[in-house]
Each structure stands twice: as C-alpha cells, then as structure tokens.
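Everything below concerns the one structure shown next.
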Amino acid sequence: MRVYIPLIVTVLCGLVWAGKLESCASRCKEKFNQDAACQCDRQCRWRGDCCEDHEHLCTAAEDLKEPEPFLELEEEEEEAPASHLYSAPTSCRGRCRQAFDKHQPCHCNARCQEFGNCCEDFESLCGDHEGFSHSSDTITKEELQSISEKIYGADTNKAQKEDIILNSQKCISPSETRDRVDRCPEPLFTYVNEKLFSKPTYAAFINLLNNYQRATGHGEHFSAQQLAEQDTFLREIMKTAVMKELYGFLHQQNRYSSEQEFVSDLKNMWFGLYSRGDEKRDSSGFEHVFSGEVKKGKVTGFHNWIRFYLQEKEGLVDYYSYVYDGPWDSYPDVLAMQFNWDGYYKEVGAAFIGSSPEFELALYSLCFIARPGKACKLSLGGHPLAIQTYTWDKSTYGNGRKYIATAYVVSSTR
C-alpha cells in the first residue's frame, strides 16, 4: 500500500523521541543530528524539522533567504554557477531595467544612456520602458505560486490514485544516504497502469528516453527519426492545457512574442547539445534531467518517475530507500530516493511521481526562465514546493541564451 506521512510538516522520516535535544541553544552550527528530536542546521526549515527556537536563536546570525536545497547533490552546482537566463552580453532582450552589473559589456538600466554604455538594442527594446521590460527576477513569488497552481490544476493527464501503487518501504535520514546500503528488498513500483503510456504525450516522451548514451564523454548523434521524435514531443505537449497555461503566462510577461518562438526556445534549451566532458557534444538538459547520465562513476540527473519505472521493470534499477515523501494525498507527489542504476549509485534523486511529462517540463522550464540558478518557490495544491535549476555557462545558443544544466525538486517552506 502507498505510504503517506501526516501533512503537519514537510515530510521527513524519523521519530521524535522524548528526552532528546529540543532546543537550538549552542547548536546553530550543528550538522543534521539523527538522534535529536529537532534540528538546527541551515536546511531544517526546508525539511520542516527545526526546533521551535531555531528562528529566534539561529536566523539572526545567518542569511536564510535562500536555503540550501537538501535533497540533491548535483555535480552541476559547481560546474554551472548561477546566472541570469538570457542575459545576453550584447543585447537588452530580457534585461530592460536590470541592475548594473560590472561584468556585463553593455547595460540596459535607466542610466546607461547617461554613462554611454547601453547595448545597441536598448532604444528599440527598452526605450519606451515596455516590450521586453522584465529582468529575470521581476516575476514575483506570488505570480510564480499562482501560475504553478494553474499548471497543477491543468494536469489532466496525470496518474490517478488507482493507477500507481508504491512500495516505498524504508525511510532513512539524510546522513545515511552515503552508506550505499540497499534497505528495500522489493521494487518501488508494485503496480503502474501502463494505459497511461498510450496517451500522446507519454508515448512521445518514452520514445525519447533511449536516444542517448548515458556515459558523459561520448558524443550524441541524432538520426533524422530521433530529431523528428523531439518535434513530435514538443508538438504533443503544446496541445495540452498545461503548456497553454505556461505559454500564456510567459507571453503576458513579455518573455515570448509568439508560440512559435516559445517552442523553438524550448527545443534549444532542452534538446540542444553541449559538452560536459572531453569537448564532445555529449549532453543536454533533457538527457540529464529525464533520461539520466553517468559521470565519474555516479548517476547524475535521472529525475523522472516514468524512466525509473521502466528501468526498474527491466531489472536495471535497484531501489534502495527514500528520505522524503511529499505531503500530497494525490498525484503528482514527490519522492526523494536512493537507488542503483545498473551498477552506479544515486545518492538522492528527487522526482515527481504520477505527473505527466508536460507537467514536469512546464514547471522546470518556468523555474529556469524565472529563477535560473536559484530556488524557485511554487505552490501545488496549496502545498509549498521548490525547484532548483542551473544554467550551463560554458556554451550558449542563439543570442547568448543558456542551456539547462539541471533541474530538480527540493522541498520548501513559504
């Protein structure tokens, strides 16, 4: 049977024992302590297990406006430092009114004409203070929560409760994830209604999963059929209410002038190839996030439940345990788990469970555009959730636009 944890806190496994440490006095710099009744580290607010006096005793001394995500340890966090999406070095597109940045060769703020350092297209794009007049941070938290709720409500292709039976088994603490111990003798998925996979977006998505070599350092070469499969997937998801909600929002925000421009950009940011190693075009955002990769002997990316289920069904994925189960009592849900993928270990892989492919791509794209390199705080069914994205900064496409390095779910508080 599916395991649910009460909704009182953001869900983490573990019991609270009487007599354990219950205060943050002298513990503000302490790391996660599995023997304590409550926690005082920087990540406890994201897990929902802080001591009652944590905010009073600990937050005054350190800035917790952007807590570190606790669910993932992605290599790309070091390889792809945070940067603003579409901060093209020689263009004002997406940069009007952007704060002065000494690292940029030209500028798009209100005083650039006074200093003579405006980008060439400043007048055409920003002169009337309309058009593309939003910087990457001017989509507000309230707007993000509103559009994410609309996308959540529009996901009619998601799994229903009767479509999936999970056997999540053993829940461990974050400190135990590096043990690489298989604590779950049975598969994660007891049952999946595979009729879901005949839906157009699912079928198109599944056709893409085996178009990649998982080991980085091996260049990817797409056949004409595989390129056509990318177009089919984008065409099918754009028919859905989920993607219509997303495009309508971004169009209203002046990020895209037409649906054609939006789809073209989705194809580039997700399917455009770049080099994670050996100067070969061996990776893409889609491959990393949805299909999964192996780099330096460990699994990176691999954040999709459909891919997990299909690989587990083939005997290629061995489910080990989990550290986080989201508070939703219906799908989509979120699970952060440990697993072995055909000989390679994933320490923590967070994924939506039971969501449609278009739902995941929509939320990841939204956050990549609105909060690149930051925790993007959303709301799904009244529950907070955050998505972390990173841009790939070593190469660009178009007019200085960035590829997706990674995107994954983290927990969040309001």
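Chain identifiers are assigned as A, B, and so on, following the order in which chains appear in the structure tokens; residues are numbered from 1 within each chain, and ligands are numbered from 1 in order of appearance.
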In region 284-396 of chain A, DSSP strand (DSSP E) residues written as an NGL selection string: :A and (293-295 or 298-300 or 317-325 or 333-341 or 344-353 or 375-380 or 383-396)
Selection near Phe339 (chain A), 7 Å with only C-alpha atoms, sequence-local residues under 3 positions removed, as a ChimeraX atom specification: /A:317-320,345-346
Just to be explicit: take each residue in the selection above, keep C-alpha atoms, and write the result as a short mmCIF file (atom, residue, chain, number, x, y, z; two decimals), in the first residue's frame.
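Once written, part.cif looks like this:
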data_model
loop_
_atom_site.label_atom_id
_atom_site.label_comp_id
_atom_site.auth_asym_id
_atom_site.auth_seq_id
_atom_site.Cartn_x
_atom_site.Cartn_y
_atom_site.Cartn_z
CA VAL A 317 17.26 -0.06 -11.34
CA ASP A 318 17.51 -1.33 -7.78
CA TYR A 319 15.58 0.84 -5.32
CA TYR A 320 17.46 1.31 -2.01
CA TYR A 345 24.65 4.79 -7.32
CA LYS A 346 22.34 7.79 -6.97
#
Sel. of helix (DSSP H, G or I) residues, region 81-252 of chain A, as an NGL selection string: :A and (112-115 or 122-126 or 141-154 or 161-163 or 174-179 or 194-198 or 200-209 or 224-237 or 241-252)
Atom pair CA of Tyr364 (chain A) / CA of Met337 (chain A): separation (Å):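 Separating CA of Tyr364 (chain A) from CA of Met337 (chain A) is a distance of 19.3 Å.
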Exercise: Arg214 (chain A) partners within 9 Å, only C-alpha atoms, chain neighbours under 6 positions left out, as a list in words: Asp282, Ser283, Glu287, His288, Ser291, Gly292, Glu293, Val294 and Lys295 of chain A
Would you mind exporting all heavy atoms of the selected residues as a short mmCIF file (atom, residue, chain, number, x, y, z; two decimals), in the first residue's frame?
data_model
loop_
_atom_site.label_atom_id
_atom_site.label_comp_id
_atom_site.auth_asym_id
_atom_site.auth_seq_id
_atom_site.Cartn_x
_atom_site.Cartn_y
_atom_site.Cartn_z
N ASP A 282 28.01 15.92 -25.73
CA ASP A 282 27.62 14.64 -25.14
C ASP A 282 26.44 14.73 -24.19
O ASP A 282 26.09 13.75 -23.54
CB ASP A 282 28.82 14.04 -24.38
CG ASP A 282 29.31 14.94 -23.24
OD1 ASP A 282 28.84 16.10 -23.14
OD2 ASP A 282 30.16 14.50 -22.46
N SER A 283 25.81 15.91 -24.10
CA SER A 283 24.77 16.06 -23.08
C SER A 283 23.75 17.10 -23.51
O SER A 283 24.00 17.94 -24.38
CB SER A 283 25.41 16.46 -21.75
OG SER A 283 24.44 16.51 -20.73
N GLU A 287 18.38 15.04 -21.65
CA GLU A 287 19.07 13.79 -21.32
C GLU A 287 19.38 13.73 -19.84
O GLU A 287 19.14 12.72 -19.17
CB GLU A 287 20.36 13.65 -22.12
CG GLU A 287 21.14 12.40 -21.74
CD GLU A 287 22.48 12.26 -22.44
OE1 GLU A 287 22.89 13.22 -23.14
OE2 GLU A 287 23.12 11.22 -22.28
N HIS A 288 19.93 14.81 -19.31
CA HIS A 288 20.36 14.82 -17.92
C HIS A 288 19.19 14.66 -16.96
O HIS A 288 19.19 13.80 -16.08
CB HIS A 288 21.10 16.11 -17.63
CG HIS A 288 21.62 16.21 -16.23
ND1 HIS A 288 22.83 15.70 -15.85
CD2 HIS A 288 21.06 16.73 -15.11
CE1 HIS A 288 23.02 15.91 -14.55
NE2 HIS A 288 21.95 16.54 -14.08
N SER A 291 16.36 11.43 -18.67
CA SER A 291 16.89 10.11 -19.01
C SER A 291 17.96 9.66 -18.03
O SER A 291 18.05 8.50 -17.67
CB SER A 291 17.45 10.11 -20.44
OG SER A 291 17.87 8.83 -20.81
N GLY A 292 18.78 10.60 -17.57
CA GLY A 292 19.84 10.29 -16.62
C GLY A 292 21.18 10.07 -17.28
O GLY A 292 21.27 9.63 -18.43
N GLU A 293 22.25 10.40 -16.56
CA GLU A 293 23.60 10.26 -17.06
C GLU A 293 24.49 9.62 -15.99
O GLU A 293 24.14 9.59 -14.81
CB GLU A 293 24.18 11.62 -17.45
CG GLU A 293 23.45 12.29 -18.60
CD GLU A 293 24.07 13.62 -18.99
OE1 GLU A 293 24.10 14.53 -18.14
OE2 GLU A 293 24.52 13.73 -20.14
N VAL A 294 25.64 9.15 -16.44
CA VAL A 294 26.66 8.65 -15.53
C VAL A 294 27.94 9.44 -15.79
O VAL A 294 28.42 9.52 -16.92
CB VAL A 294 26.93 7.14 -15.73
CG1 VAL A 294 28.14 6.70 -14.91
CG2 VAL A 294 25.70 6.33 -15.35
N LYS A 295 28.45 10.04 -14.73
CA LYS A 295 29.69 10.82 -14.84
C LYS A 295 30.56 10.53 -13.63
O LYS A 295 30.09 10.57 -12.48
CB LYS A 295 29.39 12.32 -14.93
CG LYS A 295 30.63 13.17 -15.13
CD LYS A 295 30.28 14.63 -15.36
CE LYS A 295 31.56 15.45 -15.59
NZ LYS A 295 31.27 16.87 -15.82
#
Spatial neighbours of region 101-108 of chain A, max dist 7 Å, only C-alpha atoms, sep filter under 4 positions, as a ChimeraX atom specification: /A:89-90,92,95-97,112,117-119,122
Spatial neighbours of Asp179 (chain A), max dist 12 Å, only C-alpha atoms, sep filter under 2 positions, as number ranges by chain: A: 172-177, 181-183, 320-321, 338-339, 345-348
Interatomic distance, CA of Glu22 (chain A) to CA of Cys58 (chain A) (Å, one decimal):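 So the two atoms, CA of Glu22 (chain A) and CA of Cys58 (chain A), lie 14.0 Å apart.
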Write out as CSV a residue-level contact list of region 139-195 of chain A versus region 235-248 of chain A with cut-off 12 Å: for each qualifying residue the closest pair of atoms and the distance in Å to one decimal, counting only C-alpha atoms, rows sorted by chain and residue number upward.
residue,atom,partner,partner_atom,distance
A:Glu143,CA,A:Leu246,CA,11.9
A:Leu144,CA,A:Leu246,CA,10.7
A:Ser146,CA,A:Glu245,CA,11.0
A:Ile147,CA,A:Leu246,CA,7.4
A:Ser148,CA,A:Leu246,CA,8.7
A:Glu149,CA,A:Glu245,CA,10.3
A:Lys150,CA,A:Glu245,CA,7.1
A:Ile151,CA,A:Val242,CA,5.2
A:Tyr152,CA,A:Val242,CA,7.8
A:Gly153,CA,A:Val242,CA,8.3
A:Ala154,CA,A:Val242,CA,5.2
A:Asp155,CA,A:Val242,CA,5.8
A:Thr156,CA,A:Ala241,CA,8.1
A:Asn157,CA,A:Thr240,CA,8.8
A:Lys158,CA,A:Val242,CA,10.8
Output the selection as a CSV table (one decimal), in the first residue's frame - N, CA and C atoms for each residue.
chain,number,residue,atom,x,y,z
A,143,GLU,N,3.3,35.6,-8.3
A,143,GLU,CA,3.0,35.2,-9.7
A,143,GLU,C,3.4,33.8,-9.9
A,144,LEU,N,4.5,33.4,-9.4
A,144,LEU,CA,5.0,32.0,-9.6
A,144,LEU,C,4.1,31.0,-8.9
A,146,SER,N,0.9,31.5,-8.3
A,146,SER,CA,-0.4,31.5,-9.0
A,146,SER,C,-0.3,30.6,-10.2
A,147,ILE,N,0.7,30.8,-11.0
A,147,ILE,CA,0.8,30.1,-12.3
A,147,ILE,C,1.1,28.6,-12.0
A,148,SER,N,1.9,28.3,-11.0
A,148,SER,CA,2.2,26.9,-10.7
A,148,SER,C,0.9,26.2,-10.2
A,149,GLU,N,0.0,26.9,-9.5
A,149,GLU,CA,-1.3,26.3,-9.1
A,149,GLU,C,-2.1,26.0,-10.4
A,150,LYS,N,-2.1,26.9,-11.3
A,150,LYS,CA,-2.9,26.8,-12.5
A,150,LYS,C,-2.3,25.6,-13.3
A,151,ILE,N,-1.0,25.4,-13.4
A,151,ILE,CA,-0.4,24.3,-14.1
A,151,ILE,C,-0.8,23.0,-13.4
A,152,TYR,N,-0.7,23.0,-12.1
A,152,TYR,CA,-1.1,21.9,-11.3
A,152,TYR,C,-2.5,21.4,-11.6
A,153,GLY,N,-3.4,22.4,-11.6
A,153,GLY,CA,-4.8,22.1,-11.9
A,153,GLY,C,-5.1,21.7,-13.3
A,154,ALA,N,-4.2,22.1,-14.2
A,154,ALA,CA,-4.5,21.7,-15.6
A,154,ALA,C,-3.9,20.4,-16.0
A,155,ASP,N,-3.2,19.7,-15.1
A,155,ASP,CA,-2.6,18.4,-15.5
A,155,ASP,C,-3.6,17.3,-15.5
A,156,THR,N,-4.4,17.3,-16.5
A,156,THR,CA,-5.5,16.2,-16.6
A,156,THR,C,-4.9,14.9,-17.0
A,157,ASN,N,-3.7,14.9,-17.5
A,157,ASN,CA,-3.0,13.6,-18.0
A,157,ASN,C,-2.3,12.9,-16.8
A,158,LYS,N,-2.3,13.5,-15.7
A,158,LYS,CA,-1.6,12.8,-14.5
A,158,LYS,C,-2.2,11.5,-14.1
